[in-house]
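S.K.: I'd like to ask you about the structure that follows.
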Amino acid sequence: MINIVLFGKPGAGKGTQAEFLKDRYNLVHISTGDIFRYNIKNNTDLGKEAQVFIEKGELVPDSLTIKMLECEVDKNLDAKGFLFDGFPRTEAQAEALDLFLQSKTWEVTATVALEANDDILVQRILERGKTSGRVDDQDEEKIRNRYNEYNEKTAPLMDYYKKQDKFHAVNGIGTIEEVTERLSSVIETL
Ligand code: ADP
């Protein structure tokens with residue numbers, strides 16, 4: 001069993017890379033952003049609750065996000081491993097994930113961060129916003145808010161995983177294939 005947390009700022013390419021990695025390593029890909037968007041599209045109670053935060057570029061409250069994540073994992077108990085994309089994003093989520101995996105005698109194997117500078121990322125998101133239909137991709141102020149949330153709540157997680165000797169960083173600039181190879185070479189060492 002390998003459980004990988006894919007880490008990176010908004011626009012760093014987590015979703016794109018997850019698509020390749022899940023096939024290559026036979027992992028169940030769980031993207032909290034995708035699950036929220038699916039629920040918003042289908043107008044579920046969870047979607048209605050999450051939408052308010054997402055559209056402002058804020059994080060969805062931990063209680064709601066953690067419950068949803070655990071429910072997704074529980075749907076896939078026969079998995080060979082998981083690729084967590086967009087979770088955890090706060091220290092409370094990281095602690096909850098550790099406890100939850102422990103309760104199944106599993107653990108986070110490693111965290112791999114995709115690194116890129118903010119100017120490139122904001123440009124990528126604005127470009128994506130032209131076609132993605134995502135409200136949070138189309139407005140610079142909302143994008144900036146997502147970066148503030150990242151710096152304040154998510155960046156401290158790097159230390160959380162470094163302390164456990166589980167943090168790896170990869171240069172996220174290059175072609176999609178180049179970045180996939182960089183990520184794979186880290187995963188191969190696990
Ligand atoms: P990006 O990484 O480009 O911001 P995501 O699709 O991962 O995009 O997430 C979109 C939005 O969904 C986030 O801005 C946030 O509001 C919400 N979200 C996703 N994952 C989490 C999480 N783990 N905790 C809280 N909110 C989340």
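Every chain in the structure tokens has a letter given in the order shown (A, B, ...), and although residue numbers restart at 1 in each chain, ligands are simply numbered from 1 in the order shown.
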Within 6 Å of ligand 1, which residues show up when you count only C-alpha atoms and all ligand atoms? List them as a list in words, please.
M.R.: Pro10, Gly11, Thr32, Gly33, Asp34, Phe53, Ile54, Gly57, Glu58, Leu59, Val60, Pro61, Thr65, Gly86, Phe87, Pro88, Arg89 and Arg146 of chain A
S.K.: Hey, what does DSSP flag as strand (DSSP E or B) within stretch 50-155 of chain A? Can you give it to me as number ranges by chain?
M.R.: A: 81-85, 110-115
S.K.: Go ahead and write the residues just picked, all heavy atoms, as a PDB file, in the first residue's frame.
M.R.:
```
ATOM      1  N   GLY A  81      -3.831   1.702  -2.883  1.00  0.00           N
ATOM      2  CA  GLY A  81      -3.239   2.914  -2.334  1.00  0.00           C
ATOM      3  C   GLY A  81      -4.038   4.103  -2.811  1.00  0.00           C
ATOM      4  O   GLY A  81      -4.877   3.967  -3.704  1.00  0.00           O
ATOM      5  N   PHE A  82      -3.786   5.240  -2.199  1.00  0.00           N
ATOM      6  CA  PHE A  82      -4.531   6.449  -2.546  1.00  0.00           C
ATOM      7  C   PHE A  82      -3.591   7.569  -2.965  1.00  0.00           C
ATOM      8  O   PHE A  82      -2.458   7.648  -2.502  1.00  0.00           O
ATOM      9  CB  PHE A  82      -5.356   6.933  -1.345  1.00  0.00           C
ATOM     10  CG  PHE A  82      -6.492   6.007  -0.988  1.00  0.00           C
ATOM     11  CD1 PHE A  82      -6.293   4.958  -0.102  1.00  0.00           C
ATOM     12  CD2 PHE A  82      -7.742   6.175  -1.565  1.00  0.00           C
ATOM     13  CE1 PHE A  82      -7.331   4.095   0.222  1.00  0.00           C
ATOM     14  CE2 PHE A  82      -8.793   5.311  -1.251  1.00  0.00           C
ATOM     15  CZ  PHE A  82      -8.586   4.275  -0.357  1.00  0.00           C
ATOM     16  N   LEU A  83      -4.135   8.406  -3.854  1.00  0.00           N
ATOM     17  CA  LEU A  83      -3.425   9.618  -4.240  1.00  0.00           C
ATOM     18  C   LEU A  83      -4.320  10.767  -3.797  1.00  0.00           C
ATOM     19  O   LEU A  83      -5.395  10.983  -4.372  1.00  0.00           O
ATOM     20  CB  LEU A  83      -3.248   9.609  -5.761  1.00  0.00           C
ATOM     21  CG  LEU A  83      -2.455  10.734  -6.396  1.00  0.00           C
ATOM     22  CD1 LEU A  83      -1.065  10.841  -5.786  1.00  0.00           C
ATOM     23  CD2 LEU A  83      -2.351  10.496  -7.903  1.00  0.00           C
ATOM     24  N   PHE A  84      -3.917  11.442  -2.739  1.00  0.00           N
ATOM     25  CA  PHE A  84      -4.725  12.538  -2.205  1.00  0.00           C
ATOM     26  C   PHE A  84      -4.312  13.838  -2.887  1.00  0.00           C
ATOM     27  O   PHE A  84      -3.143  14.216  -2.849  1.00  0.00           O
ATOM     28  CB  PHE A  84      -4.542  12.644  -0.686  1.00  0.00           C
ATOM     29  CG  PHE A  84      -5.012  11.424   0.058  1.00  0.00           C
ATOM     30  CD1 PHE A  84      -4.102  10.530   0.614  1.00  0.00           C
ATOM     31  CD2 PHE A  84      -6.366  11.152   0.180  1.00  0.00           C
ATOM     32  CE1 PHE A  84      -4.526   9.404   1.297  1.00  0.00           C
ATOM     33  CE2 PHE A  84      -6.810  10.018   0.864  1.00  0.00           C
ATOM     34  CZ  PHE A  84      -5.888   9.144   1.417  1.00  0.00           C
ATOM     35  N   ASP A  85      -5.278  14.484  -3.505  1.00  0.00           N
ATOM     36  CA  ASP A  85      -5.008  15.686  -4.317  1.00  0.00           C
ATOM     37  C   ASP A  85      -5.870  16.827  -3.752  1.00  0.00           C
ATOM     38  O   ASP A  85      -7.091  16.783  -3.859  1.00  0.00           O
ATOM     39  CB  ASP A  85      -5.375  15.307  -5.771  1.00  0.00           C
ATOM     40  CG  ASP A  85      -5.600  16.475  -6.702  1.00  0.00           C
ATOM     41  OD1 ASP A  85      -5.340  17.619  -6.311  1.00  0.00           O
ATOM     42  OD2 ASP A  85      -6.042  16.209  -7.837  1.00  0.00           O
ATOM     43  N   ALA A 110       4.182   9.254   1.705  1.00  0.00           N
ATOM     44  CA  ALA A 110       4.998  10.425   1.382  1.00  0.00           C
ATOM     45  C   ALA A 110       4.133  11.556   0.855  1.00  0.00           C
ATOM     46  O   ALA A 110       3.016  11.339   0.380  1.00  0.00           O
ATOM     47  CB  ALA A 110       6.038  10.053   0.323  1.00  0.00           C
ATOM     48  N   THR A 111       4.685  12.742   0.964  1.00  0.00           N
ATOM     49  CA  THR A 111       4.061  13.931   0.398  1.00  0.00           C
ATOM     50  C   THR A 111       4.971  14.435  -0.709  1.00  0.00           C
ATOM     51  O   THR A 111       6.180  14.560  -0.490  1.00  0.00           O
ATOM     52  CB  THR A 111       3.959  15.020   1.484  1.00  0.00           C
ATOM     53  OG1 THR A 111       3.251  14.481   2.570  1.00  0.00           O
ATOM     54  CG2 THR A 111       3.257  16.246   0.977  1.00  0.00           C
ATOM     55  N   VAL A 112       4.415  14.687  -1.873  1.00  0.00           N
ATOM     56  CA  VAL A 112       5.234  15.220  -2.967  1.00  0.00           C
ATOM     57  C   VAL A 112       4.663  16.569  -3.375  1.00  0.00           C
ATOM     58  O   VAL A 112       3.485  16.684  -3.720  1.00  0.00           O
ATOM     59  CB  VAL A 112       5.273  14.274  -4.189  1.00  0.00           C
ATOM     60  CG1 VAL A 112       6.397  14.674  -5.124  1.00  0.00           C
ATOM     61  CG2 VAL A 112       5.444  12.829  -3.766  1.00  0.00           C
ATOM     62  N   ALA A 113       5.515  17.589  -3.307  1.00  0.00           N
ATOM     63  CA  ALA A 113       5.065  18.950  -3.613  1.00  0.00           C
ATOM     64  C   ALA A 113       5.516  19.371  -5.002  1.00  0.00           C
ATOM     65  O   ALA A 113       6.659  19.153  -5.384  1.00  0.00           O
ATOM     66  CB  ALA A 113       5.646  19.904  -2.581  1.00  0.00           C
ATOM     67  N   LEU A 114       4.601  19.978  -5.735  1.00  0.00           N
ATOM     68  CA  LEU A 114       4.917  20.547  -7.041  1.00  0.00           C
ATOM     69  C   LEU A 114       5.222  22.019  -6.831  1.00  0.00           C
ATOM     70  O   LEU A 114       4.348  22.771  -6.389  1.00  0.00           O
ATOM     71  CB  LEU A 114       3.694  20.434  -7.957  1.00  0.00           C
ATOM     72  CG  LEU A 114       3.448  19.088  -8.579  1.00  0.00           C
ATOM     73  CD1 LEU A 114       2.099  19.091  -9.293  1.00  0.00           C
ATOM     74  CD2 LEU A 114       4.558  18.791  -9.585  1.00  0.00           C
ATOM     75  N   GLU A 115       6.427  22.421  -7.166  1.00  0.00           N
ATOM     76  CA  GLU A 115       6.817  23.802  -6.896  1.00  0.00           C
ATOM     77  C   GLU A 115       6.818  24.646  -8.164  1.00  0.00           C
ATOM     78  O   GLU A 115       7.247  24.181  -9.226  1.00  0.00           O
ATOM     79  CB  GLU A 115       8.211  23.832  -6.265  1.00  0.00           C
ATOM     80  CG  GLU A 115       8.216  23.165  -4.910  1.00  0.00           C
ATOM     81  CD  GLU A 115       9.512  23.346  -4.166  1.00  0.00           C
ATOM     82  OE1 GLU A 115      10.581  23.357  -4.820  1.00  0.00           O
ATOM     83  OE2 GLU A 115       9.448  23.462  -2.931  1.00  0.00           O
TER      84      GLU A 115
END
```
S.K.: When you draw a straight line from atom CA of A:Tyr150 to atom CA of A:Phe7, how long is it in Å?
M.R.: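 Taking atom CA of A:Tyr150 and atom CA of A:Phe7, their separation equals 10.8 Å.
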S.K.: Please provide as a list in words all residues within 8 Å of A:Ile125, with the sequence filter that same-chain residues fewer than 4 positions apart are discarded (counting only C-alpha atoms).
M.R.: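 Once the adjacent positions are removed, what remains is Pro10, Gly11, Leu121, Gly129, Asp137, Gln138 and Ile143 of chain A.
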S.K.: What does the file look like for those residues with C-alpha atoms, as a compact mmCIF listing (two decimals), in the first residue's frame?
M.R.:
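After the write, again-v4.txt holds the following:
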```
# COMPACT_ATOMS: atom_id res chain seq x y z
CA PRO A 10 -3.44 26.44 -6.75
CA GLY A 11 -2.56 25.97 -10.41
CA LEU A 121 0.69 30.04 -11.48
CA GLY A 129 -10.50 30.13 -16.19
CA ASP A 137 -10.52 30.86 -11.65
CA GLN A 138 -11.86 33.98 -13.31
CA ILE A 143 -7.27 33.76 -6.96
```
S.K.: Pick from A:Cys71, A:Leu126, A:Leu190, A:Ala50: nearest to A:Phe100, with only C-alpha atoms counted?
M.R.: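 Of all the options, A:Cys71 lies closest to A:Phe100.
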S.K.: Contacts of stretch 171-174 of chain A at 8 Å or less, counting only C-alpha atoms, minus same-chain residues fewer than 5 places along, as number ranges by chain?
M.R.: A: 12-13, 114-116, 179, 182
S.K.: Include C-alpha atoms and write out the residues we just selected as a short mmCIF file (atom, residue, chain, number, x, y, z; two decimals), in the first residue's frame.
M.R.:
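Saved file result-v6.cif follows:
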```cif
data_model
loop_
_atom_site.label_atom_id
_atom_site.label_comp_id
_atom_site.auth_asym_id
_atom_site.auth_seq_id
_atom_site.Cartn_x
_atom_site.Cartn_y
_atom_site.Cartn_z
CA ALA A 12 0.59 23.93 -9.71
CA GLY A 13 -0.72 21.03 -11.80
CA LEU A 114 4.92 20.55 -7.04
CA GLU A 115 6.82 23.80 -6.90
CA ALA A 116 6.38 26.83 -9.14
CA VAL A 179 7.02 16.82 -14.44
CA ARG A 182 10.19 13.89 -11.86
#
```
S.K.: As JSON, numbers by chain, please: every residue in chain A that DSSP puts in helix (DSSP H, G or I).
M.R.: {"A": [14, 15, 16, 17, 18, 19, 20, 21, 22, 23, 24, 25, 32, 33, 34, 35, 36, 37, 38, 39, 40, 41, 45, 46, 47, 48, 49, 50, 51, 52, 53, 54, 62, 63, 64, 65, 66, 67, 68, 69, 70, 71, 72, 73, 74, 91, 92, 93, 94, 95, 96, 97, 98, 99, 100, 101, 102, 118, 119, 120, 121, 122, 123, 124, 125, 126, 127, 128, 129, 130, 131, 132, 135, 136, 137, 140, 141, 142, 143, 144, 145, 146, 147, 148, 149, 150, 151, 152, 153, 154, 157, 158, 159, 160, 161, 162, 163, 176, 177, 178, 179, 180, 181, 182, 183, 184, 185, 186, 187, 188]}
S.K.: Please, what distance in Å, to one decimal, runs between atom CA of A:Leu101 and atom CA of A:Gln17?
M.R.: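 So the two atoms, atom CA of A:Leu101 and atom CA of A:Gln17, lie 23.4 Å apart.
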S.K.: Which neighbours of A:Thr180 fall inside 8 Å, counting only C-alpha atoms, when residues of the same chain fewer than 3 positions from it are skipped, and could you give them as a PyMOL selection string?
M.R.: chain A and resi 17+20-21+176-177+183-184
S.K.: Please list as a ChimeraX atom specification every residue within 12 Å of A:Glu49, counting only C-alpha atoms and excluding residues in the same chain fewer than 2 positions away.
M.R.: /A:36-37,39-40,43-47,51-55,59-61,63-65
S.K.: Work out how far atom CA of A:Ile35 is from atom CA of A:Glu72, in Å to one decimal.
M.R.: 9.2 Å
S.K.: Select, from A:Val170, A:Leu77, A:Ile187, A:Glu149, the residue with the minimum atom-to-atom distance to A:Thr105, counting only C-alpha atoms.
M.R.: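 Among the listed residues, A:Leu77 lies closest to A:Thr105.
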S.K.: Which residue, A:Lys56, A:Asp78, A:Lys14, A:Gly133, has the smallest gap to A:Lys41 when you use only C-alpha atoms?
M.R.: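 Smallest separation from A:Lys41 among the options: A:Gly133.
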S.K.: Which of these, A:Gln93, A:Leu27, A:Arg124, A:Gln102, has the shortest distance to A:Asn76 once you count only C-alpha atoms?
M.R.: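 Ranking A:Gln93, A:Leu27, A:Arg124, A:Gln102 by distance to A:Asn76, first place goes to A:Leu27.
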S.K.: Find the residue from A:Thr175, A:Leu6, A:Tyr38, A:Ala18 that sits nearest to A:Arg134; use only C-alpha atoms when measuring.
M.R.: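 Between A:Thr175, A:Leu6, A:Tyr38, A:Ala18, the residue approaching A:Arg134 most closely is A:Tyr38.
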